[in-house]
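> Dropping in target.cif, which is mmCIF, C-alpha atoms:
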data_upload
#
loop_
_atom_site.label_atom_id
_atom_site.label_comp_id
_atom_site.auth_asym_id
_atom_site.auth_seq_id
_atom_site.Cartn_x
_atom_site.Cartn_y
_atom_site.Cartn_z
CA MET K 1 -9.06 -22.69 -3.77
CA HIS K 2 -7.38 -20.15 -6.03
CA SER K 3 -3.78 -20.70 -7.03
CA SER K 4 -1.01 -18.92 -5.18
CA ARG K 5 2.73 -19.04 -5.70
CA THR K 6 5.70 -17.14 -4.38
CA GLY K 7 8.89 -15.84 -5.93
CA GLN K 8 11.86 -13.62 -5.39
CA ALA K 9 13.33 -10.91 -7.59
CA ALA K 10 16.48 -8.83 -7.20
CA ALA K 11 16.37 -5.04 -7.10
CA SER K 12 19.02 -3.09 -9.01
CA ASP K 13 21.16 -2.89 -5.84
CA GLY K 14 20.80 -6.62 -5.18
CA THR K 15 18.11 -6.35 -2.50
CA ARG K 16 15.97 -9.51 -2.60
CA LEU K 17 12.28 -8.79 -2.98
CA HIS K 18 9.70 -11.40 -2.01
CA TYR K 19 6.41 -11.57 -3.86
CA ARG K 20 3.32 -13.74 -4.22
CA LEU K 21 1.04 -14.26 -7.21
CA ILE K 22 -2.61 -15.01 -6.42
CA GLY K 23 -5.17 -16.19 -8.93
CA SER K 24 -4.81 -17.08 -12.59
CA GLY K 25 -7.08 -14.68 -14.45
CA PRO K 26 -5.86 -12.87 -17.59
CA ALA K 27 -5.71 -9.34 -16.14
CA ARG K 28 -2.57 -8.31 -14.27
CA VAL K 29 -2.85 -6.36 -11.03
CA ALA K 30 0.14 -5.28 -8.89
CA LEU K 31 -0.63 -4.20 -5.32
CA THR K 32 1.60 -2.51 -2.73
CA HIS K 33 0.83 -2.78 1.00
CA SER K 34 0.73 -0.13 3.68
CA LEU K 35 3.50 0.75 6.14
CA ALA K 36 4.65 -2.12 8.38
CA MET K 37 2.41 -4.67 6.65
CA ASP K 38 3.45 -7.17 3.95
CA GLY K 39 1.99 -8.67 0.80
CA SER K 40 -0.45 -10.83 2.81
CA PHE K 41 -2.33 -7.56 3.43
CA TRP K 42 -3.88 -8.00 -0.01
CA SER K 43 -5.06 -11.61 0.42
CA PRO K 44 -8.78 -10.80 0.95
CA VAL K 45 -8.87 -8.47 -2.08
CA ALA K 46 -6.81 -10.82 -4.26
CA ALA K 47 -9.10 -13.75 -3.45
CA ARG K 48 -12.03 -11.75 -4.82
CA LEU K 49 -10.15 -11.03 -8.07
CA ALA K 50 -8.62 -14.48 -8.56
CA GLU K 51 -11.01 -15.50 -11.36
CA VAL K 52 -10.37 -12.41 -13.47
CA ALA K 53 -6.80 -11.46 -12.59
CA THR K 54 -3.35 -12.61 -11.59
CA VAL K 55 -2.56 -10.45 -8.56
CA LEU K 56 1.02 -9.59 -7.63
CA ALA K 57 1.30 -8.77 -3.92
CA TRP K 58 4.88 -8.06 -2.91
CA ASP K 59 6.78 -7.27 0.27
CA CYS K 60 8.44 -3.85 -0.01
CA ARG K 61 12.11 -3.66 0.92
CA GLY K 62 12.40 -3.44 4.69
CA HIS K 63 9.15 -5.42 5.07
CA GLY K 64 7.96 -9.01 5.29
CA ALA K 65 10.25 -11.61 3.72
CA SER K 66 12.13 -9.08 1.58
CA ASP K 67 15.63 -7.93 2.53
CA LYS K 68 15.94 -5.09 5.02
CA PRO K 69 18.97 -3.07 3.90
CA ALA K 70 20.06 0.15 5.56
CA GLY K 71 18.40 3.37 4.42
CA PRO K 72 17.70 5.93 3.38
CA TYR K 73 14.58 4.71 1.60
CA THR K 74 12.54 6.71 -0.92
CA VAL K 75 9.19 5.98 -2.52
CA GLU K 76 10.95 6.25 -5.89
CA LEU K 77 13.35 3.47 -4.82
CA PHE K 78 10.37 1.30 -3.84
CA ALA K 79 8.76 2.08 -7.22
CA ASP K 80 11.90 0.93 -9.00
CA ASP K 81 11.85 -2.22 -6.85
CA LEU K 82 8.37 -2.97 -8.17
CA ALA K 83 9.61 -2.41 -11.72
CA ALA K 84 12.36 -4.99 -11.04
CA ILE K 85 9.67 -7.53 -10.08
CA PHE K 86 7.76 -6.72 -13.29
CA ALA K 87 10.97 -7.43 -15.23
CA ASP K 88 11.48 -10.69 -13.35
CA LEU K 89 7.93 -11.79 -14.22
CA GLY K 90 8.07 -10.52 -17.79
CA TRP K 91 5.16 -8.16 -17.08
CA THR K 92 5.09 -5.13 -19.39
CA LYS K 93 1.82 -3.61 -18.11
CA ALA K 94 -0.57 -3.95 -15.19
CA ILE K 95 -3.22 -2.25 -13.12
CA VAL K 96 -1.17 -0.83 -10.23
CA GLY K 97 -2.67 -0.13 -6.83
CA GLY K 98 -1.64 0.59 -3.28
CA ALA K 99 -2.91 1.45 0.17
CA SER K 100 -1.47 4.21 2.35
CA MET K 101 2.35 3.91 1.92
CA GLY K 102 1.58 1.62 -1.02
CA GLY K 103 -0.42 4.41 -2.62
CA CYS K 104 2.59 6.72 -2.42
CA VAL K 105 4.71 4.00 -4.03
CA THR K 106 2.03 3.53 -6.69
CA LEU K 107 2.11 7.25 -7.51
CA ALA K 108 5.91 7.16 -7.72
CA PHE K 109 5.61 4.15 -10.05
CA ALA K 110 3.14 6.06 -12.25
CA GLY K 111 5.63 8.93 -12.42
CA ARG K 112 8.69 6.80 -13.21
CA HIS K 113 7.21 3.86 -15.14
CA ALA K 114 4.12 5.32 -16.81
CA GLU K 115 4.39 2.96 -19.78
CA LYS K 116 3.81 -0.01 -17.44
CA VAL K 117 0.56 1.34 -15.95
CA GLN K 118 -2.89 0.47 -17.34
CA GLY K 119 -4.81 1.95 -14.43
CA LEU K 120 -4.28 3.20 -10.87
CA GLY K 121 -6.00 2.27 -7.62
CA LEU K 122 -5.22 4.74 -4.83
CA PHE K 123 -6.61 3.69 -1.46
CA ASP K 124 -6.33 5.45 1.90
CA THR K 125 -3.41 7.48 0.61
CA THR K 126 -2.02 10.87 -0.36
CA ALA K 127 0.57 12.47 -2.63
CA TRP K 128 1.95 14.53 0.28
CA TYR K 129 1.47 14.39 4.04
CA GLY K 130 1.87 18.14 4.45
CA PRO K 131 4.44 20.64 5.74
CA GLU K 132 4.64 19.09 9.22
CA ALA K 133 5.18 15.58 7.85
CA PRO K 134 8.97 15.27 8.17
CA GLN K 135 8.80 16.11 11.89
CA GLN K 136 5.69 14.01 12.59
CA TRP K 137 7.05 10.92 10.85
CA ALA K 138 10.47 11.34 12.48
CA GLU K 139 8.75 11.37 15.88
CA ARG K 140 6.97 8.11 15.06
CA ALA K 141 10.22 6.57 13.83
CA ASP K 142 12.02 7.64 17.02
CA LYS K 143 9.26 6.28 19.25
CA GLY K 144 9.50 2.90 17.53
CA VAL K 145 13.27 2.82 17.91
CA GLN K 146 13.32 4.04 21.52
CA GLU K 147 10.28 2.26 22.98
CA GLY K 148 9.81 -0.67 20.60
CA LEU K 149 6.96 -1.33 18.18
CA LYS K 150 4.73 -2.61 21.01
CA ALA K 151 4.48 0.98 22.23
CA LEU K 152 2.71 1.90 18.95
CA VAL K 153 0.15 -0.92 18.82
CA GLY K 154 -2.72 0.83 20.62
CA PHE K 155 -2.34 3.90 18.43
CA GLN K 156 -2.12 1.79 15.27
CA GLN K 157 -5.17 -0.39 15.98
CA THR K 158 -7.52 2.55 16.35
CA ARG K 159 -6.04 4.23 13.28
CA TRP K 160 -6.29 1.11 11.14
CA PHE K 161 -9.80 -0.11 11.94
CA GLY K 162 -13.12 1.34 13.04
CA ASP K 163 -14.48 0.42 16.47
CA ALA K 164 -17.24 -1.86 15.14
CA PHE K 165 -14.83 -3.68 12.82
CA ARG K 166 -12.35 -4.31 15.65
CA ALA K 167 -15.10 -5.73 17.84
CA ALA K 168 -16.45 -7.98 15.07
CA ASN K 169 -13.11 -9.13 13.55
CA PRO K 170 -10.58 -9.75 16.33
CA GLU K 171 -8.68 -12.26 14.18
CA VAL K 172 -8.00 -9.68 11.43
CA VAL K 173 -6.83 -7.21 14.06
CA LYS K 174 -4.57 -9.84 15.65
CA GLU K 175 -3.04 -10.86 12.29
CA SER K 176 -2.31 -7.21 11.46
CA VAL K 177 -0.76 -6.57 14.88
CA ASP K 178 1.37 -9.72 14.55
CA VAL K 179 2.71 -8.54 11.16
CA PHE K 180 3.34 -5.09 12.61
CA LEU K 181 5.27 -6.43 15.62
CA ASN K 182 7.35 -8.67 13.35
CA ASN K 183 8.89 -5.64 11.64
CA ASP K 184 12.57 -4.80 11.76
CA VAL K 185 12.52 -1.60 13.80
CA ALA K 186 15.36 0.07 11.88
CA ALA K 187 13.62 -0.61 8.55
CA TYR K 188 10.32 0.62 10.02
CA ALA K 189 12.00 3.86 11.08
CA GLU K 190 13.50 4.32 7.62
CA SER K 191 10.08 3.76 6.05
CA CYS K 192 8.51 6.34 8.37
CA ARG K 193 11.14 8.92 7.41
CA MET K 194 10.56 8.06 3.75
CA LEU K 195 6.87 8.94 4.08
CA GLY K 196 7.73 12.18 5.84
CA ALA K 197 9.85 13.17 2.84
CA ALA K 198 7.49 11.88 0.12
CA ASP K 199 6.02 14.48 -2.22
CA LEU K 200 4.35 13.12 -5.36
CA ARG K 201 2.29 16.20 -6.18
CA SER K 202 4.26 16.87 -9.35
CA VAL K 203 3.22 13.46 -10.74
CA LEU K 204 -0.54 13.96 -10.50
CA GLY K 205 -1.15 16.22 -13.48
CA GLY K 206 0.59 13.80 -15.84
CA ILE K 207 -1.55 10.76 -14.98
CA LYS K 208 -3.54 9.80 -18.06
CA VAL K 209 -4.79 6.30 -17.16
CA PRO K 210 -8.09 5.41 -15.46
CA THR K 211 -7.68 6.16 -11.75
CA ARG K 212 -9.97 5.17 -8.89
CA ILE K 213 -9.50 6.68 -5.45
CA ALA K 214 -11.15 5.38 -2.29
CA VAL K 215 -10.87 6.35 1.38
CA GLY K 216 -12.67 5.59 4.62
CA GLU K 217 -14.79 8.46 5.87
CA GLU K 218 -13.22 8.01 9.35
CA ASP K 219 -9.63 7.82 8.06
CA TYR K 220 -7.57 10.22 10.12
CA ALA K 221 -4.18 8.96 8.89
CA THR K 222 -4.94 10.09 5.31
CA PRO K 223 -8.25 11.93 5.71
CA PRO K 224 -10.84 12.29 2.94
CA ALA K 225 -9.52 15.81 2.24
CA MET K 226 -6.27 14.22 1.03
CA ALA K 227 -8.22 11.89 -1.28
CA GLU K 228 -10.22 14.88 -2.54
CA ALA K 229 -6.94 16.65 -3.38
CA LEU K 230 -5.82 13.60 -5.39
CA HIS K 231 -9.17 13.48 -7.18
CA ALA K 232 -9.00 17.19 -8.03
CA ALA K 233 -5.47 16.86 -9.44
CA ILE K 234 -5.88 13.64 -11.46
CA GLY K 235 -8.01 14.22 -14.54
CA GLY K 236 -10.90 11.80 -15.01
CA SER K 237 -10.35 10.07 -11.66
CA THR K 238 -13.22 8.77 -9.52
CA LEU K 239 -13.51 9.17 -5.75
CA LYS K 240 -15.35 6.91 -3.31
CA ILE K 241 -15.65 7.84 0.36
CA ILE K 242 -16.49 4.65 2.26
CA PRO K 243 -19.05 5.09 5.06
CA GLY K 244 -17.62 4.00 8.41
CA GLY K 245 -14.28 2.99 6.88
CA ARG K 246 -11.09 3.86 8.67
CA HIS K 247 -7.52 3.54 7.35
CA LEU K 248 -7.02 -0.03 6.11
CA THR K 249 -10.05 -0.40 3.85
CA PRO K 250 -8.61 -3.36 1.86
CA LEU K 251 -8.92 -5.34 5.12
CA GLU K 252 -12.09 -3.67 6.42
CA VAL K 253 -14.13 -3.76 3.19
CA PRO K 254 -12.31 -5.99 0.68
CA ASP K 255 -15.49 -6.28 -1.42
CA VAL K 256 -15.48 -2.52 -2.01
CA ILE K 257 -11.77 -2.34 -2.89
CA ALA K 258 -11.97 -5.42 -5.13
CA ALA K 259 -14.90 -3.78 -6.94
CA GLU K 260 -12.83 -0.63 -7.53
CA LEU K 261 -10.01 -2.74 -9.00
CA SER K 262 -12.54 -4.72 -11.11
CA GLN K 263 -13.68 -1.43 -12.63
CA LEU K 264 -10.07 -0.67 -13.57
CA ILE K 265 -9.71 -4.14 -15.10
CA GLU K 266 -12.83 -3.47 -17.18
CA ALA K 267 -11.50 -0.07 -18.28
CA ALA K 268 -8.16 -1.60 -19.29
CA ARG K 269 -9.91 -4.09 -21.59
#
So, in terms of structure tokens, how does the structure I just supplied come out?

Amino acid sequence: MHSSRTGQAAASDGTRLHYRLIGSGPARVALTHSLAMDGSFWSPVAARLAEVATVLAWDCRGHGASDKPAGPYTVELFADDLAAIFADLGWTKAIVGGASMGGCVTLAFAGRHAEKVQGLGLFDTTAWYGPEAPQQWAERADKGVQEGLKALVGFQQTRWFGDAFRAANPEVVKESVDVFLNNDVAAYAESCRMLGAADLRSVLGGIKVPTRIAVGEEDYATPPAMAEALHAAIGGSTLKIIPGGRHLTPLEVPDVIAAELSQLIEAAR
């Protein structure tokens, strides 16, 4: 069994941030989860990297065991939270990756803390959700607040996972739904509004580290066209479109995502 330990760091405003370290390999990899998940999201990927890397999987503010202060939230604030955990751990550099919301945070981190980034893994994500995003995300936030998170579960399950995966892996689906339902609804709403406002397009041209982008071919939360836009804007990046994958590929195909991160570890050597 690979080693795992937990810790807590304080953000600049005092918000307590919960994190876990998985594995004991020499490479350092910091991973940020998707909306309404927590650091446990990365467990299958981290287990596959445990021999070669020490993986930091943290709970963003408003999520998991971290504090859930009032908003507004921004992806830049979350990026600075991650930098506070780096400082707590004494990490100066790492491979930094994220899925969906975590990818937006990862891009913000690359923009604000470039000196700490050895490589970027951008999974099922985008730099910008488009001109309709503020309204669309506000509607989702309002639905959660007014009807409760249960009202969103059916929609989320089919967005997260392909039909065959859901049929074959009911326990993964159940764990994800349980984490989702455990969210603080006010923090969830703030995180939705944050994604509606997020625009990291100005960061992309300045990224100079190895960058690997992957997306499920059936992802309709952040469709392949969004990944193609990232790939076009980030010089030297690679793009993998995963056959049959939907939106949470680190859970659907952890082997594929771990392999992408392994390539970044190799490049950083």
> Identify, on the basis of all atoms listed in the file, every residue whose closest approach to Gly90 (chain K) does not exceed 12 Å; exclude the query and any residue fewer than 4 positions from it along the same chain; express the result as a PyMOL selection string.
chain K and resi 9+28+83-86+94+116
> Could you check which of K:Ala259, K:Ala10, K:Val215, K:Leu152 is closest to Glu139 (chain K), using all atoms listed in the file?
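Residue with the minimum atom-to-atom distance to Glu139 (chain K): K:Leu152.
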> Could you write out as a PyMOL selection string the residues that the PyMOL selection byres ((chain K and resi 244) around 8) matches in the shown file?
chain K and resi 162+216-218+242-243+245-246
> I need the residue set behind the PyMOL selection byres ((chain K and resi 264-268) around 7) for this file; please write it as a list in words.
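So the PyMOL selection byres ((chain K and resi 264-268) around 7), applied here, picks out Ala27, Gln118, Gly119, Pro210, Glu260, Leu261, Ser262, Gln263 and Arg269 of chain K.
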> Have a look at K:Lys240, K:Arg193, K:His33, K:Arg61 and name the one nearest to Tyr129 (chain K); count all atoms listed in the file.
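Using all atoms listed in the file, Tyr129 (chain K) sits closest to K:Arg193.
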> Could you check how far CA of Ala50 (chain K) sits from CA of Asp124 (chain K), in Å to one decimal?
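CA of Ala50 (chain K) sits 22.6 Å away from CA of Asp124 (chain K).
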> Give me, as a Markdown table, the closest atom pair and its distance (Å, one decimal) for every residue of region 52-105 of chain K within a cut-off of 12 Å of region 166-182 of chain K, counting all atoms listed in the file, rows sorted by chain and rising number.

| residue | atom | partner | partner_atom | distance |
| --- | --- | --- | --- | --- |
| K:Asp59 | CA | K:Val179 | CA | 11.7 |
| K:Gly62 | CA | K:Asn182 | CA | 11.3 |
| K:His63 | CA | K:Asn182 | CA | 9.1 |
| K:Gly64 | CA | K:Val179 | CA | 7.9 |
| K:Ala65 | CA | K:Asn182 | CA | 10.5 |
> On this file, the PyMOL selection byres ((chain K and resi 205) around 12) gives some set of residues; write that set as a list in words.
Leu107, Ala110, Gly111, Ala127, Leu200, Arg201, Ser202, Val203, Leu204, Gly206, Ile207, Lys208, Val209, Ala229, Leu230, His231, Ala232, Ala233, Ile234, Gly235, Gly236 and Ser237 of chain K
> Since the input is missing atoms for region 57-68 of chain K, could you rebuild it with N, CA, C and O atoms and give the result as a PDB file, in the coordinates of the input?

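The file below, result07.pdb, is the result:
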ATOM      1  N   ALA K  57       1.257  -9.444  -5.214  1.00  0.00           N
ATOM      2  CA  ALA K  57       1.300  -8.770  -3.920  1.00  0.00           C
ATOM      3  C   ALA K  57       2.700  -8.986  -3.353  1.00  0.00           C
ATOM      4  O   ALA K  57       3.083 -10.109  -3.055  1.00  0.00           O
ATOM      5  N   TRP K  58       3.466  -7.935  -3.262  1.00  0.00           N
ATOM      6  CA  TRP K  58       4.880  -8.060  -2.910  1.00  0.00           C
ATOM      7  C   TRP K  58       5.154  -7.463  -1.535  1.00  0.00           C
ATOM      8  O   TRP K  58       4.352  -6.696  -0.998  1.00  0.00           O
ATOM      9  N   ASP K  59       6.298  -7.858  -0.969  1.00  0.00           N
ATOM     10  CA  ASP K  59       6.780  -7.270   0.270  1.00  0.00           C
ATOM     11  C   ASP K  59       7.801  -6.192  -0.089  1.00  0.00           C
ATOM     12  O   ASP K  59       8.852  -6.490  -0.671  1.00  0.00           O
ATOM     13  N   CYS K  60       7.484  -4.943   0.245  1.00  0.00           N
ATOM     14  CA  CYS K  60       8.440  -3.850  -0.010  1.00  0.00           C
ATOM     15  C   CYS K  60       9.765  -4.119   0.709  1.00  0.00           C
ATOM     16  O   CYS K  60       9.792  -4.811   1.731  1.00  0.00           O
ATOM     17  N   ARG K  61      10.828  -3.550   0.193  1.00  0.00           N
ATOM     18  CA  ARG K  61      12.110  -3.660   0.920  1.00  0.00           C
ATOM     19  C   ARG K  61      11.904  -3.161   2.347  1.00  0.00           C
ATOM     20  O   ARG K  61      11.134  -2.225   2.593  1.00  0.00           O
ATOM     21  N   GLY K  62      12.575  -3.812   3.287  1.00  0.00           N
ATOM     22  CA  GLY K  62      12.400  -3.440   4.690  1.00  0.00           C
ATOM     23  C   GLY K  62      11.174  -4.058   5.329  1.00  0.00           C
ATOM     24  O   GLY K  62      10.913  -3.816   6.515  1.00  0.00           O
ATOM     25  N   HIS K  63      10.418  -4.857   4.582  1.00  0.00           N
ATOM     26  CA  HIS K  63       9.150  -5.420   5.070  1.00  0.00           C
ATOM     27  C   HIS K  63       9.072  -6.912   4.755  1.00  0.00           C
ATOM     28  O   HIS K  63       9.648  -7.384   3.771  1.00  0.00           O
ATOM     29  N   GLY K  64       8.302  -7.619   5.573  1.00  0.00           N
ATOM     30  CA  GLY K  64       7.960  -9.010   5.290  1.00  0.00           C
ATOM     31  C   GLY K  64       9.190  -9.870   5.077  1.00  0.00           C
ATOM     32  O   GLY K  64      10.167  -9.816   5.839  1.00  0.00           O
ATOM     33  N   ALA K  65       9.152 -10.677   4.014  1.00  0.00           N
ATOM     34  CA  ALA K  65      10.250 -11.610   3.720  1.00  0.00           C
ATOM     35  C   ALA K  65      11.304 -11.005   2.796  1.00  0.00           C
ATOM     36  O   ALA K  65      12.264 -11.686   2.435  1.00  0.00           O
ATOM     37  N   SER K  66      11.113  -9.743   2.405  1.00  0.00           N
ATOM     38  CA  SER K  66      12.130  -9.080   1.580  1.00  0.00           C
ATOM     39  C   SER K  66      13.322  -8.651   2.454  1.00  0.00           C
ATOM     40  O   SER K  66      13.205  -8.563   3.679  1.00  0.00           O
ATOM     41  N   ASP K  67      14.449  -8.392   1.788  1.00  0.00           N
ATOM     42  CA  ASP K  67      15.630  -7.930   2.530  1.00  0.00           C
ATOM     43  C   ASP K  67      15.353  -6.585   3.193  1.00  0.00           C
ATOM     44  O   ASP K  67      14.473  -5.821   2.762  1.00  0.00           O
ATOM     45  N   LYS K  68      16.118  -6.315   4.232  1.00  0.00           N
ATOM     46  CA  LYS K  68      15.940  -5.090   5.020  1.00  0.00           C
ATOM     47  C   LYS K  68      17.260  -4.312   5.074  1.00  0.00           C
ATOM     48  O   LYS K  68      17.888  -4.200   6.121  1.00  0.00           O
TER      49      LYS K  68
END
